[in-house]
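Below is input28.txt, which holds compact mmCIF, C-alpha atoms.
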```txt
# COMPACT_ATOMS: atom_id res chain seq x y z
CA GLN A 1 -15.65 -11.11 -4.74
CA VAL A 2 -12.34 -9.53 -3.78
CA GLN A 3 -12.68 -6.13 -2.18
CA LEU A 4 -10.07 -3.72 -0.85
CA VAL A 5 -11.19 -0.68 1.12
CA GLU A 6 -8.74 2.02 2.13
CA SER A 7 -9.30 4.42 5.00
CA GLY A 8 -7.42 6.89 7.14
CA GLY A 9 -6.50 9.51 4.61
CA GLY A 10 -6.79 13.20 5.36
CA THR A 11 -4.94 16.48 5.59
CA VAL A 12 -1.85 16.93 7.71
CA GLN A 13 0.83 19.56 8.02
CA ALA A 14 4.33 18.95 6.75
CA GLY A 15 6.33 16.98 9.28
CA GLY A 16 3.25 15.27 10.62
CA SER A 17 2.15 11.64 10.57
CA LEU A 18 -0.76 9.68 9.20
CA ARG A 19 -1.68 6.00 9.02
CA VAL A 20 -3.76 4.61 6.20
CA SER A 21 -5.36 1.19 6.32
CA CYS A 22 -6.58 -1.28 3.74
CA ALA A 23 -9.17 -3.87 4.73
CA ALA A 24 -9.36 -6.86 2.41
CA SER A 25 -12.18 -9.33 1.99
CA GLY A 26 -13.18 -12.17 -0.30
CA ARG A 27 -10.06 -14.30 -0.07
CA THR A 28 -7.47 -15.63 2.33
CA PHE A 29 -5.09 -12.72 1.95
CA SER A 30 -2.45 -14.18 4.22
CA ARG A 31 -1.13 -16.02 1.15
CA TYR A 32 -0.53 -12.92 -0.94
CA ALA A 33 1.89 -10.05 -1.20
CA MET A 34 0.30 -6.62 -0.91
CA GLY A 35 1.42 -3.17 -1.86
CA TRP A 36 0.74 0.54 -1.65
CA PHE A 37 0.90 2.89 -4.62
CA ARG A 38 0.11 6.57 -4.98
CA GLN A 39 -0.92 8.93 -7.73
CA ALA A 40 -0.55 12.69 -7.62
CA PRO A 41 -2.48 14.98 -9.98
CA GLY A 42 -1.00 14.92 -13.46
CA LYS A 43 1.43 12.14 -12.60
CA GLU A 44 1.55 8.41 -13.16
CA ARG A 45 0.78 5.95 -10.40
CA GLU A 46 3.97 5.12 -8.54
CA PHE A 47 5.07 2.36 -6.21
CA VAL A 48 5.35 3.24 -2.52
CA ALA A 49 5.81 0.05 -0.49
CA ALA A 50 5.19 -3.69 -0.54
CA ILE A 51 5.01 -6.48 2.00
CA ASN A 52 5.27 -10.21 1.46
CA TRP A 53 2.69 -12.78 2.48
CA SER A 54 4.09 -13.33 5.97
CA GLY A 55 4.94 -9.72 6.76
CA GLY A 56 8.56 -10.72 7.21
CA SER A 57 9.85 -8.81 4.20
CA THR A 58 9.15 -5.29 3.05
CA TYR A 59 10.35 -3.03 0.28
CA TYR A 60 10.12 0.74 -0.16
CA ALA A 61 10.53 3.33 -2.82
CA ASP A 62 13.61 5.46 -2.23
CA SER A 63 11.42 8.55 -1.82
CA VAL A 64 9.74 7.15 1.32
CA LYS A 65 12.44 4.90 2.78
CA GLY A 66 13.04 5.70 6.43
CA ARG A 67 9.78 7.66 6.71
CA PHE A 68 7.06 5.15 5.84
CA ALA A 69 6.43 1.68 7.24
CA ILE A 70 4.18 -1.00 5.80
CA SER A 71 2.76 -3.74 7.99
CA ARG A 72 -0.03 -6.27 7.96
CA ASP A 73 -2.35 -8.00 10.38
CA SER A 74 -3.33 -11.26 8.74
CA ALA A 75 -5.92 -12.04 11.39
CA LYS A 76 -7.73 -8.85 10.39
CA ASN A 77 -6.94 -9.11 6.66
CA THR A 78 -5.61 -5.58 6.90
CA VAL A 79 -2.48 -3.87 5.65
CA TYR A 80 -1.27 -0.55 7.00
CA LEU A 81 0.97 2.25 5.83
CA GLN A 82 2.37 4.41 8.61
CA MET A 83 3.61 7.68 7.16
CA ASN A 84 5.91 9.90 9.22
CA SER A 85 7.79 13.12 8.46
CA LEU A 86 5.31 13.83 5.69
CA LYS A 87 6.24 16.26 2.95
CA PRO A 88 4.04 18.25 0.54
CA GLU A 89 5.31 16.04 -2.28
CA ASP A 90 3.68 13.04 -0.55
CA THR A 91 0.29 14.52 -1.45
CA ALA A 92 -1.55 11.97 -3.58
CA VAL A 93 -4.32 9.42 -3.69
CA TYR A 94 -3.00 6.29 -2.02
CA TYR A 95 -4.09 2.88 -3.29
CA CYS A 96 -3.59 -0.56 -1.84
CA ALA A 97 -3.33 -3.58 -4.07
CA VAL A 98 -3.01 -7.34 -3.80
CA ASP A 99 -1.21 -9.86 -5.98
CA SER A 100 -3.64 -12.77 -5.83
CA LYS A 101 -2.09 -14.56 -8.81
CA ARG A 102 0.76 -16.02 -6.79
CA TRP A 103 0.59 -17.84 -3.50
CA TYR A 104 3.52 -16.88 -1.26
CA GLY A 105 4.99 -14.87 -4.11
CA ASN A 106 7.61 -12.15 -4.08
CA MET A 107 6.73 -8.52 -3.47
CA GLY A 108 5.79 -6.76 -6.65
CA ARG A 109 7.14 -3.31 -7.35
CA THR A 110 5.16 -2.47 -10.47
CA ALA A 111 1.44 -1.89 -10.82
CA ASN A 112 0.96 -4.64 -13.39
CA GLU A 113 2.03 -7.25 -10.83
CA TYR A 114 -1.13 -6.58 -8.81
CA ASP A 115 -4.58 -7.65 -9.91
CA TYR A 116 -6.96 -6.13 -7.36
CA TRP A 117 -7.03 -2.53 -6.23
CA GLY A 118 -8.85 -0.39 -3.71
CA GLN A 119 -10.66 2.82 -4.55
CA GLY A 120 -7.96 5.01 -3.00
CA THR A 121 -7.77 7.46 -0.13
CA GLN A 122 -6.62 11.07 -0.42
CA VAL A 123 -3.61 12.21 1.56
CA THR A 124 -2.87 15.93 1.51
CA VAL A 125 0.22 17.41 3.14
CA SER A 126 0.16 21.17 3.58
CA SER A 127 3.31 23.25 3.80
```
Since I need it in another form, could you write the structure as structure tokens?
Amino acid sequence: QVQLVESGGGTVQAGGSLRVSCAASGRTFSRYAMGWFRQAPGKEREFVAAINWSGGSTYYADSVKGRFAISRDSAKNTVYLQMNSLKPEDTAVYYCAVDSKRWYGNMGRTANEYDYWGQGTQVTVSS
């Protein structure tokens, strides 16, 4: 049974930092690309960042490039999203996801490329 559990969300003032984590279990996740998405109230889920199976390649949405950093610790089956210089428009529920359909595959940038999702963690940035 594949399970992804996010943690680390919370409320922070604009300009602050937060790190969210996603602990994976049920498979050998070191073979798979993983990603972070977010969904704000009344908006569609949008891509934030992705990391390949080795952690050697990453990709970011333009809206977070230079402020957010995705990383992974394969020994702990955990992926992280470090968020700096947070803005009120970053307020959303943040979801991690894994593409378990492809071993050593490319980083997906759309939600339909991922087949397992966490339950989400709320990030609120106050102005």
*Hey, which of A:Ala40, A:Leu18, A:Ala23, A:Ile51 ends up closest to Asn84 (chain A)? Count all atoms listed in the file.*
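For Asn84 (chain A), the nearest of the given residues is A:Leu18.
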*What is the distance, in Å and to one decimal place, between CA of Gly9 (chain A) and CA of Cys96 (chain A)?*
12.3 Å
Shell of 8 Å around region 35-37 of chain A, all atoms listed in the file, local chain residues under 4 positions omitted, as a PDB file with C-alpha atoms, keeping the file's coordinate frame:
```
ATOM      1  CA  ARG A  45       0.780   5.950 -10.400  1.00  0.00           C
ATOM      2  CA  GLU A  46       3.970   5.120  -8.540  1.00  0.00           C
ATOM      3  CA  PHE A  47       5.070   2.360  -6.210  1.00  0.00           C
ATOM      4  CA  VAL A  48       5.350   3.240  -2.520  1.00  0.00           C
ATOM      5  CA  ALA A  49       5.810   0.050  -0.490  1.00  0.00           C
ATOM      6  CA  ALA A  50       5.190  -3.690  -0.540  1.00  0.00           C
ATOM      7  CA  ILE A  51       5.010  -6.480   2.000  1.00  0.00           C
ATOM      8  CA  LEU A  81       0.970   2.250   5.830  1.00  0.00           C
ATOM      9  CA  TYR A  94      -3.000   6.290  -2.020  1.00  0.00           C
ATOM     10  CA  TYR A  95      -4.090   2.880  -3.290  1.00  0.00           C
ATOM     11  CA  CYS A  96      -3.590  -0.560  -1.840  1.00  0.00           C
ATOM     12  CA  ALA A  97      -3.330  -3.580  -4.070  1.00  0.00           C
ATOM     13  CA  VAL A  98      -3.010  -7.340  -3.800  1.00  0.00           C
ATOM     14  CA  MET A 107       6.730  -8.520  -3.470  1.00  0.00           C
ATOM     15  CA  GLY A 108       5.790  -6.760  -6.650  1.00  0.00           C
ATOM     16  CA  ARG A 109       7.140  -3.310  -7.350  1.00  0.00           C
ATOM     17  CA  ALA A 111       1.440  -1.890 -10.820  1.00  0.00           C
TER      18      ALA A 111
END
```
*Take CA of Gly105 (chain A) and CA of Gly8 (chain A) and report the distance between them in Å, one decimal.*
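Atom-to-atom, CA of Gly105 (chain A) and CA of Gly8 (chain A) are spaced 27.5 Å apart.
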*Record the distance separating CA of Ser7 (chain A) and CA of Ala75 (chain A), expressed in Å with one decimal.*
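Answer for the CA of Ser7 (chain A) to CA of Ala75 (chain A) separation: 18.0 Å.
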*Closest to Ser21 (chain A) among A:Ile70, A:Val64, A:Val79, A:Val125, using only C-alpha atoms?*
A:Val79
Sel. within 10 Å of pt (-3.2, -11.9, 7.6), counting all atoms listed in the file, output as a PDB file with C-alpha atoms, in the coordinates of the input:
```
ATOM      1  CA  ALA A  24      -9.360  -6.860   2.410  1.00  0.00           C
ATOM      2  CA  THR A  28      -7.470 -15.630   2.330  1.00  0.00           C
ATOM      3  CA  PHE A  29      -5.090 -12.720   1.950  1.00  0.00           C
ATOM      4  CA  SER A  30      -2.450 -14.180   4.220  1.00  0.00           C
ATOM      5  CA  ARG A  31      -1.130 -16.020   1.150  1.00  0.00           C
ATOM      6  CA  TYR A  32      -0.530 -12.920  -0.940  1.00  0.00           C
ATOM      7  CA  TRP A  53       2.690 -12.780   2.480  1.00  0.00           C
ATOM      8  CA  SER A  54       4.090 -13.330   5.970  1.00  0.00           C
ATOM      9  CA  GLY A  55       4.940  -9.720   6.760  1.00  0.00           C
ATOM     10  CA  ARG A  72      -0.030  -6.270   7.960  1.00  0.00           C
ATOM     11  CA  ASP A  73      -2.350  -8.000  10.380  1.00  0.00           C
ATOM     12  CA  SER A  74      -3.330 -11.260   8.740  1.00  0.00           C
ATOM     13  CA  ALA A  75      -5.920 -12.040  11.390  1.00  0.00           C
ATOM     14  CA  LYS A  76      -7.730  -8.850  10.390  1.00  0.00           C
ATOM     15  CA  ASN A  77      -6.940  -9.110   6.660  1.00  0.00           C
ATOM     16  CA  THR A  78      -5.610  -5.580   6.900  1.00  0.00           C
ATOM     17  CA  VAL A  79      -2.480  -3.870   5.650  1.00  0.00           C
TER      18      VAL A  79
END
```
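Residues with at least one atom no more than 7 Å from (8.2, 5.3, 6.3), using all atoms listed in the file, are A:Val64, A:Lys65, A:Gly66, A:Arg67, A:Phe68, A:Ala69, A:Gln82, A:Met83, A:Asn84.
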*Residues at most 8 Å from Tyr116 (chain A), counting all atoms listed in the file, excluding those fewer than 6 positions away in the same chain, as number ranges by chain?*
A: 2-4, 97-100
Will you give me region 61-74 of chain A, written with all heavy atoms and laid out as a PDB file, in the first residue's frame?
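The result, stored in result_18.pdb:
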```pdb
ATOM      1  N   ALA A  61       8.051  25.662 -11.147  1.00  0.00           N
ATOM      2  CA  ALA A  61       7.151  26.613 -11.771  1.00  0.00           C
ATOM      3  C   ALA A  61       7.791  27.998 -11.723  1.00  0.00           C
ATOM      4  O   ALA A  61       8.524  28.322 -10.782  1.00  0.00           O
ATOM      5  CB  ALA A  61       5.811  26.629 -11.045  1.00  0.00           C
ATOM      6  N   ASP A  62       7.507  28.810 -12.719  1.00  0.00           N
ATOM      7  CA  ASP A  62       8.095  30.150 -12.769  1.00  0.00           C
ATOM      8  C   ASP A  62       7.750  30.962 -11.524  1.00  0.00           C
ATOM      9  O   ASP A  62       8.555  31.775 -11.062  1.00  0.00           O
ATOM     10  CB  ASP A  62       7.613  30.892 -14.021  1.00  0.00           C
ATOM     11  CG  ASP A  62       8.232  30.353 -15.295  1.00  0.00           C
ATOM     12  OD1 ASP A  62       9.250  29.635 -15.201  1.00  0.00           O
ATOM     13  OD2 ASP A  62       7.689  30.641 -16.374  1.00  0.00           O
ATOM     14  N   SER A  63       6.572  30.735 -10.970  1.00  0.00           N
ATOM     15  CA  SER A  63       6.104  31.530  -9.835  1.00  0.00           C
ATOM     16  C   SER A  63       6.922  31.284  -8.567  1.00  0.00           C
ATOM     17  O   SER A  63       6.881  32.102  -7.644  1.00  0.00           O
ATOM     18  CB  SER A  63       4.629  31.245  -9.560  1.00  0.00           C
ATOM     19  OG  SER A  63       4.437  29.862  -9.305  1.00  0.00           O
ATOM     20  N   VAL A  64       7.639  30.169  -8.489  1.00  0.00           N
ATOM     21  CA  VAL A  64       8.399  29.857  -7.270  1.00  0.00           C
ATOM     22  C   VAL A  64       9.894  29.752  -7.527  1.00  0.00           C
ATOM     23  O   VAL A  64      10.670  29.596  -6.575  1.00  0.00           O
ATOM     24  CB  VAL A  64       7.896  28.549  -6.622  1.00  0.00           C
ATOM     25  CG1 VAL A  64       6.398  28.613  -6.378  1.00  0.00           C
ATOM     26  CG2 VAL A  64       8.257  27.330  -7.455  1.00  0.00           C
ATOM     27  N   LYS A  65      10.310  29.839  -8.765  1.00  0.00           N
ATOM     28  CA  LYS A  65      11.723  29.691  -9.106  1.00  0.00           C
ATOM     29  C   LYS A  65      12.563  30.727  -8.373  1.00  0.00           C
ATOM     30  O   LYS A  65      12.223  31.912  -8.335  1.00  0.00           O
ATOM     31  CB  LYS A  65      11.892  29.831 -10.615  1.00  0.00           C
ATOM     32  CG  LYS A  65      13.175  29.252 -11.171  1.00  0.00           C
ATOM     33  CD  LYS A  65      13.176  29.304 -12.693  1.00  0.00           C
ATOM     34  CE  LYS A  65      12.073  28.445 -13.277  1.00  0.00           C
ATOM     35  NZ  LYS A  65      12.084  28.455 -14.744  1.00  0.00           N
ATOM     36  N   GLY A  66      13.631  30.273  -7.772  1.00  0.00           N
ATOM     37  CA  GLY A  66      14.510  31.161  -7.008  1.00  0.00           C
ATOM     38  C   GLY A  66      14.102  31.331  -5.565  1.00  0.00           C
ATOM     39  O   GLY A  66      14.879  31.863  -4.759  1.00  0.00           O
ATOM     40  N   ARG A  67      12.894  30.893  -5.212  1.00  0.00           N
ATOM     41  CA  ARG A  67      12.420  31.013  -3.825  1.00  0.00           C
ATOM     42  C   ARG A  67      12.238  29.659  -3.156  1.00  0.00           C
ATOM     43  O   ARG A  67      12.428  29.520  -1.956  1.00  0.00           O
ATOM     44  CB  ARG A  67      11.091  31.767  -3.781  1.00  0.00           C
ATOM     45  CG  ARG A  67      11.142  33.163  -4.345  1.00  0.00           C
ATOM     46  CD  ARG A  67       9.842  33.916  -4.092  1.00  0.00           C
ATOM     47  NE  ARG A  67       8.696  33.297  -4.753  1.00  0.00           N
ATOM     48  CZ  ARG A  67       7.610  32.862  -4.105  1.00  0.00           C
ATOM     49  NH1 ARG A  67       7.521  32.964  -2.797  1.00  0.00           N
ATOM     50  NH2 ARG A  67       6.599  32.331  -4.794  1.00  0.00           N
ATOM     51  N   PHE A  68      11.834  28.663  -3.925  1.00  0.00           N
ATOM     52  CA  PHE A  68      11.582  27.325  -3.392  1.00  0.00           C
ATOM     53  C   PHE A  68      12.674  26.367  -3.844  1.00  0.00           C
ATOM     54  O   PHE A  68      13.283  26.542  -4.905  1.00  0.00           O
ATOM     55  CB  PHE A  68      10.245  26.794  -3.897  1.00  0.00           C
ATOM     56  CG  PHE A  68       9.018  27.471  -3.332  1.00  0.00           C
ATOM     57  CD1 PHE A  68       9.095  28.658  -2.624  1.00  0.00           C
ATOM     58  CD2 PHE A  68       7.761  26.888  -3.518  1.00  0.00           C
ATOM     59  CE1 PHE A  68       7.972  29.267  -2.106  1.00  0.00           C
ATOM     60  CE2 PHE A  68       6.622  27.488  -3.014  1.00  0.00           C
ATOM     61  CZ  PHE A  68       6.729  28.683  -2.321  1.00  0.00           C
ATOM     62  N   ALA A  69      12.914  25.339  -3.038  1.00  0.00           N
ATOM     63  CA  ALA A  69      13.880  24.307  -3.385  1.00  0.00           C
ATOM     64  C   ALA A  69      13.335  22.938  -2.989  1.00  0.00           C
ATOM     65  O   ALA A  69      12.948  22.736  -1.836  1.00  0.00           O
ATOM     66  CB  ALA A  69      15.211  24.558  -2.700  1.00  0.00           C
ATOM     67  N   ILE A  70      13.317  22.037  -3.951  1.00  0.00           N
ATOM     68  CA  ILE A  70      12.880  20.667  -3.693  1.00  0.00           C
ATOM     69  C   ILE A  70      14.112  19.782  -3.532  1.00  0.00           C
ATOM     70  O   ILE A  70      15.132  19.979  -4.214  1.00  0.00           O
ATOM     71  CB  ILE A  70      11.972  20.148  -4.838  1.00  0.00           C
ATOM     72  CG1 ILE A  70      11.371  18.793  -4.493  1.00  0.00           C
ATOM     73  CG2 ILE A  70      12.716  20.115  -6.160  1.00  0.00           C
ATOM     74  CD1 ILE A  70      10.311  18.326  -5.492  1.00  0.00           C
ATOM     75  N   SER A  71      14.020  18.835  -2.614  1.00  0.00           N
ATOM     76  CA  SER A  71      15.127  17.910  -2.391  1.00  0.00           C
ATOM     77  C   SER A  71      14.550  16.592  -1.906  1.00  0.00           C
ATOM     78  O   SER A  71      13.362  16.515  -1.571  1.00  0.00           O
ATOM     79  CB  SER A  71      16.127  18.469  -1.374  1.00  0.00           C
ATOM     80  OG  SER A  71      15.503  18.683  -0.123  1.00  0.00           O
ATOM     81  N   ARG A  72      15.394  15.578  -1.874  1.00  0.00           N
ATOM     82  CA  ARG A  72      14.924  14.281  -1.399  1.00  0.00           C
ATOM     83  C   ARG A  72      16.033  13.575  -0.649  1.00  0.00           C
ATOM     84  O   ARG A  72      17.219  13.776  -0.925  1.00  0.00           O
ATOM     85  CB  ARG A  72      14.417  13.419  -2.565  1.00  0.00           C
ATOM     86  CG  ARG A  72      15.480  12.957  -3.531  1.00  0.00           C
ATOM     87  CD  ARG A  72      14.840  12.324  -4.769  1.00  0.00           C
ATOM     88  NE  ARG A  72      14.058  11.139  -4.444  1.00  0.00           N
ATOM     89  CZ  ARG A  72      13.157  10.588  -5.262  1.00  0.00           C
ATOM     90  NH1 ARG A  72      12.923  11.138  -6.448  1.00  0.00           N
ATOM     91  NH2 ARG A  72      12.484   9.512  -4.897  1.00  0.00           N
ATOM     92  N   ASP A  73      15.609  12.750   0.299  1.00  0.00           N
ATOM     93  CA  ASP A  73      16.512  11.892   1.047  1.00  0.00           C
ATOM     94  C   ASP A  73      16.013  10.476   0.813  1.00  0.00           C
ATOM     95  O   ASP A  73      15.047  10.036   1.447  1.00  0.00           O
ATOM     96  CB  ASP A  73      16.489  12.260   2.531  1.00  0.00           C
ATOM     97  CG  ASP A  73      17.479  11.460   3.353  1.00  0.00           C
ATOM     98  OD1 ASP A  73      17.847  10.340   2.941  1.00  0.00           O
ATOM     99  OD2 ASP A  73      17.872  11.941   4.424  1.00  0.00           O
ATOM    100  N   SER A  74      16.658   9.784  -0.107  1.00  0.00           N
ATOM    101  CA  SER A  74      16.181   8.456  -0.479  1.00  0.00           C
ATOM    102  C   SER A  74      16.290   7.461   0.668  1.00  0.00           C
ATOM    103  O   SER A  74      15.494   6.531   0.767  1.00  0.00           O
ATOM    104  CB  SER A  74      16.941   7.956  -1.704  1.00  0.00           C
ATOM    105  OG  SER A  74      16.625   8.735  -2.836  1.00  0.00           O
TER     106      SER A  74
END
```
